[in-house]
>>> print(open('data-v6.cif').read())   # mmCIF, C-alpha atoms
data_target
#
loop_
_atom_site.label_atom_id
_atom_site.label_comp_id
_atom_site.auth_asym_id
_atom_site.auth_seq_id
_atom_site.Cartn_x
_atom_site.Cartn_y
_atom_site.Cartn_z
CA MET A 25 118.34 67.99 38.96
CA ASP A 26 120.86 68.55 41.70
CA MET A 27 123.49 70.95 40.39
CA LYS A 28 125.29 71.43 43.69
CA CYS A 29 128.99 70.73 43.77
CA PRO A 30 130.06 67.89 46.08
CA SER A 31 130.86 68.77 49.65
CA CYS A 32 133.24 67.02 52.03
CA GLY A 33 131.52 64.21 53.91
CA SER A 34 133.59 64.98 56.97
CA CYS A 35 133.45 68.79 57.32
CA GLY A 36 130.92 69.97 54.69
CA MET A 37 133.34 72.18 52.77
CA PRO A 38 132.19 72.63 49.14
CA MET A 39 134.74 71.02 46.81
CA GLU A 40 134.76 72.99 43.56
CA LYS A 41 138.35 72.79 42.32
CA PRO A 42 140.69 69.76 42.01
CA GLU A 43 142.87 71.14 44.80
CA HIS A 44 139.90 71.07 47.20
CA PHE A 45 139.68 67.25 47.03
CA GLY A 46 141.74 65.01 49.29
CA GLY A 47 144.91 63.90 47.48
CA GLY A 48 143.80 66.07 44.51
CA GLU A 49 141.49 63.25 43.39
CA ALA A 50 138.01 64.34 42.27
CA SER A 51 136.67 60.93 43.30
CA ASN A 52 137.64 61.53 46.94
CA THR A 53 134.61 62.17 49.15
CA HIS A 54 136.75 64.13 51.62
CA CYS A 55 138.47 67.50 51.27
CA VAL A 56 142.12 68.40 51.45
CA HIS A 57 141.76 69.64 55.06
CA CYS A 58 140.31 66.36 56.35
CA THR A 59 142.84 64.07 54.66
CA ASN A 60 146.59 63.49 54.60
CA GLU A 61 148.77 64.00 51.50
CA GLN A 62 147.69 60.62 50.15
CA GLY A 63 144.05 61.61 50.46
CA VAL A 64 143.35 59.31 53.42
CA LEU A 65 140.85 60.57 55.99
CA LEU A 66 142.44 61.88 59.21
CA PRO A 67 141.31 60.58 62.63
CA TYR A 68 138.11 62.10 64.02
CA GLU A 69 139.94 63.65 67.00
CA VAL A 70 142.30 65.57 64.69
CA ILE A 71 139.42 66.95 62.60
CA LEU A 72 137.39 67.83 65.69
CA LYS A 73 140.32 69.71 67.23
CA GLY A 74 141.04 71.49 63.94
CA ASN A 75 137.44 72.65 63.61
CA ALA A 76 137.24 73.84 67.22
CA GLU A 77 140.50 75.80 66.84
CA TYR A 78 139.20 77.34 63.61
CA TYR A 79 136.07 78.59 65.47
CA GLN A 80 138.25 79.99 68.24
CA LYS A 81 140.65 81.76 65.90
CA GLU A 82 138.11 83.40 63.61
CA GLN A 83 135.27 84.07 66.04
CA GLY A 84 136.87 83.95 69.47
CA LEU A 85 134.66 81.14 70.80
CA ASP A 86 135.21 79.78 74.30
CA GLN A 87 137.25 76.56 74.07
CA GLU A 88 134.58 74.34 75.61
CA ALA A 89 131.82 75.80 73.44
CA ALA A 90 134.00 75.48 70.34
CA LEU A 91 134.49 71.77 71.07
CA LYS A 92 130.81 71.22 71.81
CA TYR A 93 129.59 72.85 68.60
CA ALA A 94 132.33 71.27 66.48
CA THR A 95 131.15 67.89 67.87
CA ASP A 96 127.50 68.74 67.12
CA PHE A 97 128.33 69.98 63.64
CA LEU A 98 130.52 67.01 62.67
CA GLY A 99 127.81 64.69 63.99
CA SER A 100 125.42 66.03 61.33
CA LEU A 101 127.75 65.09 58.45
CA PRO A 102 127.65 61.77 56.55
CA THR A 103 131.13 60.58 57.54
CA TRP A 104 130.56 60.94 61.29
CA LYS A 105 126.77 60.70 61.53
CA ASN A 106 126.59 57.15 62.77
CA SER A 107 129.99 56.85 64.38
CA MET B 4 108.67 67.43 28.79
CA ALA B 5 107.56 65.37 31.77
CA LEU B 6 109.94 65.30 34.70
CA THR B 7 111.69 62.05 35.57
CA ARG B 8 111.05 60.59 39.00
CA GLN B 9 114.42 61.90 40.21
CA GLN B 10 113.75 65.40 38.83
CA GLN B 11 110.33 65.43 40.48
CA LYS B 12 111.94 64.43 43.77
CA GLU B 13 114.51 67.23 43.52
CA LYS B 14 111.78 69.71 42.61
CA THR B 15 109.76 68.74 45.71
CA LYS B 16 112.86 69.08 47.87
CA THR B 17 113.55 72.58 46.49
CA LEU B 18 109.90 73.56 47.10
CA LEU B 19 110.11 72.30 50.70
CA VAL B 20 113.26 74.36 51.30
CA SER B 21 111.66 77.52 49.84
CA ALA B 22 108.49 76.99 51.86
CA GLY B 23 110.58 76.35 54.97
CA LEU B 24 112.50 79.57 54.47
CA GLU B 25 109.27 81.54 54.08
CA ILE B 26 107.30 80.00 56.95
CA PHE B 27 110.19 79.91 59.44
CA ALA B 28 110.84 83.58 58.67
CA LYS B 29 107.18 84.54 59.02
CA ASN B 30 106.00 82.43 61.97
CA GLY B 31 109.23 81.58 63.78
CA ILE B 32 111.34 78.44 63.81
CA GLN B 33 110.16 77.00 67.13
CA SER B 34 106.48 77.48 66.40
CA THR B 35 106.51 76.10 62.85
CA LYS B 36 105.58 72.45 62.37
CA THR B 37 106.69 70.30 59.44
CA LEU B 38 102.98 69.84 58.72
CA ASP B 39 102.68 73.60 58.04
CA ILE B 40 105.44 73.27 55.45
CA ALA B 41 103.79 70.22 53.83
CA LYS B 42 100.50 72.15 53.56
CA LYS B 43 102.22 75.15 51.99
CA VAL B 44 103.81 72.97 49.30
CA GLY B 45 100.67 70.87 48.86
CA VAL B 46 102.29 67.52 49.67
CA SER B 47 101.55 64.93 52.35
CA HIS B 48 103.24 65.15 55.72
CA GLY B 49 105.02 61.89 54.91
CA THR B 50 106.65 63.49 51.83
CA VAL B 51 108.42 65.99 54.08
CA PHE B 52 109.93 63.11 56.07
CA VAL B 53 111.18 61.40 52.90
CA HIS B 54 113.40 64.43 52.27
CA PHE B 55 113.91 65.67 55.81
CA PRO B 56 113.42 63.15 58.62
CA THR B 57 113.23 65.99 61.18
CA LYS B 58 112.72 69.76 61.21
CA LYS B 59 116.36 69.98 62.24
CA ASP B 60 117.43 68.39 58.91
CA LEU B 61 115.42 70.95 56.95
CA LEU B 62 116.98 73.79 58.93
CA ILE B 63 120.46 72.43 58.28
CA GLU B 64 119.68 72.23 54.54
CA ILE B 65 118.53 75.87 54.54
CA ILE B 66 121.63 77.07 56.41
CA ASP B 67 123.79 75.01 54.07
CA GLY B 68 122.08 76.74 51.11
CA PHE B 69 122.87 80.11 52.67
CA GLY B 70 126.51 79.03 52.94
CA ARG B 71 126.56 77.95 49.32
CA SER B 72 125.07 81.28 48.14
CA ILE B 73 127.71 83.25 49.97
CA SER B 74 130.52 81.03 48.76
CA GLU B 75 129.20 81.40 45.16
CA GLU B 76 129.25 85.18 45.56
CA PHE B 77 132.74 85.19 47.09
CA LYS B 78 133.95 83.06 44.20
CA LYS B 79 132.90 85.76 41.71
CA LEU B 80 135.26 88.20 43.43
CA SER B 81 138.45 86.46 42.21
CA ALA B 82 140.87 89.38 41.78
CA ASP B 83 139.11 91.39 44.47
CA ALA B 84 139.14 88.52 46.96
CA HIS B 85 141.17 90.62 49.42
CA ASN B 86 139.13 93.79 49.13
CA LEU B 87 137.46 94.11 52.53
CA ARG B 88 134.80 96.59 51.37
CA LYS B 89 133.71 94.30 48.53
CA ILE B 90 133.62 91.24 50.78
CA LEU B 91 131.50 93.04 53.38
CA LYS B 92 129.17 94.27 50.64
CA ILE B 93 128.67 90.68 49.47
CA HIS B 94 128.01 89.56 53.03
CA LEU B 95 125.25 92.17 53.27
CA LYS B 96 123.86 91.24 49.86
CA VAL B 97 123.47 87.57 50.81
CA ILE B 98 121.96 88.40 54.21
CA GLU B 99 119.49 90.75 52.47
CA LYS B 100 118.36 87.93 50.20
CA HIS B 101 117.16 85.90 53.21
CA GLU B 102 116.89 88.73 55.72
CA ASN B 103 113.74 87.64 57.55
CA PHE B 104 114.95 84.07 57.99
CA TYR B 105 118.38 85.27 59.12
CA ALA B 106 116.78 87.59 61.69
CA ARG B 107 114.77 84.60 62.99
CA LEU B 108 117.96 82.59 63.37
CA LEU B 109 119.41 85.39 65.48
CA ILE B 110 116.29 85.69 67.64
CA GLU B 111 115.93 81.95 68.26
CA ASN B 112 119.63 81.08 68.21
CA ALA B 113 119.93 79.91 71.82
CA LEU B 114 116.90 77.61 71.43
CA LEU B 115 118.11 75.83 68.30
CA PRO B 116 119.19 72.18 68.49
CA GLY B 117 122.96 71.68 68.90
CA GLU B 118 123.47 70.36 65.36
CA VAL B 119 121.68 73.36 63.83
CA ARG B 120 123.62 75.78 65.99
CA GLY B 121 126.83 73.93 65.16
CA THR B 122 126.05 74.21 61.44
CA LEU B 123 125.39 77.92 61.84
CA ILE B 124 128.61 78.46 63.82
CA ASN B 125 130.52 76.57 61.16
CA LEU B 126 129.00 78.72 58.41
CA GLN B 127 129.73 81.93 60.33
CA THR B 128 133.34 80.81 60.82
CA GLY B 129 133.69 80.31 57.05
CA ILE B 130 132.41 83.85 56.49
CA ALA B 131 134.64 85.14 59.29
CA TYR B 132 137.64 83.49 57.63
CA PHE B 133 136.98 85.35 54.35
CA ILE B 134 136.43 88.68 56.07
CA ASN B 135 139.35 88.24 58.47
CA SER B 136 141.75 87.16 55.71
CA ALA B 137 141.03 90.35 53.78
CA ALA B 138 141.28 92.38 57.00
CA ARG B 139 144.63 90.78 57.93
CA ASN B 140 145.98 91.85 54.52
CA GLU B 141 144.76 95.40 55.01
CA MET B 142 146.26 95.45 58.52
CA LYS B 143 149.63 94.38 57.09
CA ALA B 144 149.39 97.05 54.41
CA GLY B 145 148.73 99.66 57.11
CA ASP B 146 145.29 100.54 55.72
CA ILE B 147 143.28 99.59 58.80
CA GLN B 148 143.98 99.36 62.52
CA THR B 149 145.67 96.26 63.88
CA MET B 150 143.35 94.20 66.08
CA PRO B 151 142.60 90.53 66.78
CA SER B 152 140.67 89.09 63.82
CA HIS B 153 137.85 87.71 65.92
CA LEU B 154 137.17 91.16 67.37
CA LEU B 155 137.01 92.72 63.92
CA PHE B 156 134.52 90.09 62.78
CA ASN B 157 132.46 90.21 65.97
CA THR B 158 132.28 94.02 65.85
CA TRP B 159 130.92 93.78 62.30
CA MET B 160 128.45 91.05 63.29
CA GLY B 161 127.43 93.01 66.37
CA LEU B 162 126.42 95.98 64.23
CA ILE B 163 124.52 93.92 61.67
CA SER B 164 122.79 91.81 64.31
CA TYR B 165 121.59 94.86 66.24
CA TYR B 166 119.94 96.28 63.13
CA LEU B 167 118.47 92.91 62.16
CA LEU B 168 117.09 92.23 65.63
CA ASN B 169 115.44 95.65 65.63
CA LYS B 170 114.59 95.81 61.95
CA ASP B 171 111.06 97.08 62.60
CA ILE B 172 112.23 100.27 64.31
CA PHE B 173 114.96 100.98 61.76
CA ALA B 174 113.19 100.10 58.52
CA GLY B 175 109.54 99.26 59.26
CA GLU B 176 108.33 96.71 56.74
CA LYS B 177 111.26 97.35 54.41
CA SER B 178 114.56 95.48 54.31
CA VAL B 179 116.83 96.89 57.01
CA ILE B 180 119.93 95.79 55.11
CA LYS B 181 118.72 97.52 51.95
CA THR B 182 117.79 100.64 53.93
CA LYS B 183 120.75 100.85 56.32
CA GLY B 184 123.38 98.52 54.85
CA ASN B 185 125.50 101.19 53.19
CA GLU B 186 125.43 103.41 56.24
CA ILE B 187 126.51 100.50 58.47
CA LEU B 188 129.26 99.49 56.04
CA ASN B 189 130.68 103.01 55.68
CA HIS B 190 130.57 103.55 59.44
CA PHE B 191 132.35 100.27 60.16
CA LEU B 192 135.09 100.95 57.60
CA LYS B 193 135.57 104.44 59.04
CA LEU B 194 135.89 102.98 62.56
CA ILE B 195 138.65 100.54 61.63
CA LYS B 196 140.52 102.85 59.24
CA LEU B 197 144.04 103.79 60.32
#
>>> encode(input="data-v6.cif", output="structure tokens")
Amino acid sequence: MDMKCPSCGSCGMPMEKPEHFGGGEASNTHCVHCTNEQGVLLPYEVILKGNAEYYQKEQGLDQEAALKYATDFLGSLPTWKNS
Amino acid sequence: MALTRQQQKEKTKTLLVSAGLEIFAKNGIQSTKTLDIAKKVGVSHGTVFVHFPTKKDLLIEIIDGFGRSISEEFKKLSADAHNLRKILKIHLKVIEKHENFYARLLIENALLPGEVRGTLINLQTGIAYFINSAARNEMKAGDIQTMPSHLLFNTWMGLISYYLLNKDIFAGEKSVIKTKGNEILNHFLKLIKL
């Protein structure tokens, strides 16, 4: 049986607590970082930029590389896989 | 009690992940074929594809599992969530658990497909965020030197990676993290102490 907690379909973040879910709704398939206050998914470009900036801030990645790997990573997730 | 079809499916998936971890670690990621993993588990090659259409998907699942283990461990910290020493100790503990596979990832990093590398970078950034958040608190409190977060994290990773990449000369057949982890941790904390 799969006991794993759900993870965000857009960025892969594990969603364990109510505040991790978009709009605070446990039925939301996206996390609080990938949605607006109403729990609606943000545009791809906004999420991509946010991820790339996160890589740059915490690990000091080169801007171009950060964008490339954020694109590759998001492309492996259900929400963006076939888009 | 007999397993339901769904339970059997999950069990096979878990076995494929464990076998993948073991064989990738032992024989290398590039040189391992999905057929080798099927043979190890005792299932048909087609069964591997049902769960993981490509080797890349299996690798992503393994890295994701690594991320989940570390996030589970961080969660247990609760009140100590900002204690840098404890966070670094947990980081070492989780690496030690899958040390041989982790060392393989480091060795073959540049050759990995973009999505796998992206998943790994994303995981590392999550870990960096935890470590850097604790470090930023200790910098504010005047306990450690002030420095850009990414340099603190990369200095830590640089040390660990060097030992992992050369684990044979530092620890022989033993776990290098088990053997040298405390020494590395104490040295790093001494370096950044104010």
>>> resolve_selection(input="data-v6.cif", expression="the PyMOL selection byres ((chain B) within 8 of (chain A))", output="VMD selection string")
chain B and resid 9 to 10 13 to 14 71 117 to 122 124 to 125 128 131 to 132 135 152 to 154 156 to 157
>>> closest_residue(input="data-v6.cif", among="A:Gln87, A:Glu43, A:Ser51, A:Trp104", to="Glu69 in chain A", atoms="all atoms listed in the file")
A:Trp104
>>> closest_residue(input="data-v6.cif", among="A:Gly63, A:Gly74, A:Glu88, A:Lys105", to="Gly48 in chain A", atoms="only C-alpha atoms")
A:Gly63
>>> residues_near_point(input="data-v6.cif", point="(135.0, 62.1, 51.4)", cutoff="10 Å", atoms="only C-alpha atoms", output="PyMOL selection string")
chain A and resi 30-36+45-46+50-56+58-59+63-65+102-103
>>> atom_distance(input="data-v6.cif", atom1="CA of His85 in chain B", atom2="CA of Ile187 in chain B")
19.9 Å
>>> atom_distance(input="data-v6.cif", atom1="CA of Leu91 in chain B", atom2="CA of Ile73 in chain B")
11.0 Å
>>> residues_around(input="data-v6.cif", residues="Glu186 in chain B", least_positions_apart="6", cutoff="12 Å", atoms="only C-alpha atoms", output="ChimeraX atom specification")
/B:92,95,162-163,166,179-180,192-193
>>> write_last_selection(input="data-v6.cif", atoms="C-alpha atoms", output="mmCIF file, keeping the file's coordinate frame")
data_model
loop_
_atom_site.group_PDB
_atom_site.id
_atom_site.type_symbol
_atom_site.label_atom_id
_atom_site.label_comp_id
_atom_site.auth_asym_id
_atom_site.auth_seq_id
_atom_site.Cartn_x
_atom_site.Cartn_y
_atom_site.Cartn_z
ATOM 1 C CA LYS B 92 129.170 94.270 50.640
ATOM 2 C CA LEU B 95 125.250 92.170 53.270
ATOM 3 C CA LEU B 162 126.420 95.980 64.230
ATOM 4 C CA ILE B 163 124.520 93.920 61.670
ATOM 5 C CA TYR B 166 119.940 96.280 63.130
ATOM 6 C CA VAL B 179 116.830 96.890 57.010
ATOM 7 C CA ILE B 180 119.930 95.790 55.110
ATOM 8 C CA LEU B 192 135.090 100.950 57.600
ATOM 9 C CA LYS B 193 135.570 104.440 59.040
#
>>> build_atoms(input="data-v6.cif", residues="range 84-107 of chain A", atoms="N, CA and C atoms", output="short mmCIF file (atom, residue, chain, number, x, y, z; two decimals), keeping the file's coordinate frame")
data_model
loop_
_atom_site.label_atom_id
_atom_site.label_comp_id
_atom_site.auth_asym_id
_atom_site.auth_seq_id
_atom_site.Cartn_x
_atom_site.Cartn_y
_atom_site.Cartn_z
N GLY A 84 136.58 83.76 68.05
CA GLY A 84 136.87 83.95 69.47
C GLY A 84 135.99 83.13 70.40
N LEU A 85 135.52 81.98 69.95
CA LEU A 85 134.66 81.14 70.80
C LEU A 85 135.41 80.63 72.03
N ASP A 86 134.68 80.43 73.11
CA ASP A 86 135.21 79.78 74.30
C ASP A 86 135.62 78.35 73.91
N GLN A 87 136.72 77.85 74.49
CA GLN A 87 137.25 76.56 74.07
C GLN A 87 136.23 75.42 74.22
N GLU A 88 135.54 75.42 75.35
CA GLU A 88 134.58 74.34 75.61
C GLU A 88 133.40 74.40 74.62
N ALA A 89 132.93 75.62 74.38
CA ALA A 89 131.82 75.80 73.44
C ALA A 89 132.25 75.42 72.02
N ALA A 90 133.49 75.79 71.67
CA ALA A 90 134.00 75.48 70.34
C ALA A 90 134.02 73.96 70.14
N LEU A 91 134.45 73.24 71.17
CA LEU A 91 134.49 71.77 71.07
C LEU A 91 133.09 71.18 71.00
N LYS A 92 132.18 71.73 71.79
CA LYS A 92 130.81 71.22 71.81
C LYS A 92 130.16 71.39 70.42
N TYR A 93 130.28 72.61 69.87
CA TYR A 93 129.59 72.85 68.60
C TYR A 93 130.31 72.20 67.41
N ALA A 94 131.62 72.01 67.54
CA ALA A 94 132.33 71.27 66.48
C ALA A 94 131.85 69.81 66.52
N THR A 95 131.65 69.27 67.73
CA THR A 95 131.15 67.89 67.87
C THR A 95 129.74 67.79 67.28
N ASP A 96 128.88 68.75 67.63
CA ASP A 96 127.50 68.74 67.12
C ASP A 96 127.48 68.86 65.60
N PHE A 97 128.32 69.76 65.09
CA PHE A 97 128.33 69.98 63.64
C PHE A 97 128.84 68.73 62.91
N LEU A 98 129.97 68.19 63.36
CA LEU A 98 130.52 67.01 62.67
C LEU A 98 129.52 65.84 62.73
N GLY A 99 128.79 65.76 63.82
CA GLY A 99 127.81 64.69 63.99
C GLY A 99 126.66 64.75 62.98
N SER A 100 126.52 65.90 62.31
CA SER A 100 125.42 66.03 61.33
C SER A 100 125.91 65.66 59.92
N LEU A 101 127.19 65.36 59.78
CA LEU A 101 127.75 65.09 58.45
C LEU A 101 127.87 63.59 58.18
N PRO A 102 127.72 63.20 56.89
CA PRO A 102 127.65 61.77 56.55
C PRO A 102 128.77 60.92 57.14
N THR A 103 130.01 61.40 57.08
CA THR A 103 131.13 60.58 57.54
C THR A 103 131.04 60.22 59.03
N TRP A 104 130.54 61.14 59.83
CA TRP A 104 130.56 60.94 61.29
C TRP A 104 129.17 60.71 61.88
N LYS A 105 128.15 60.78 61.05
CA LYS A 105 126.77 60.70 61.53
C LYS A 105 126.50 59.48 62.42
N ASN A 106 126.92 58.34 61.99
CA ASN A 106 126.59 57.15 62.77
C ASN A 106 127.77 56.55 63.53
N SER A 107 128.81 57.41 63.69
CA SER A 107 129.99 56.85 64.38
C SER A 107 129.96 57.20 65.87
#
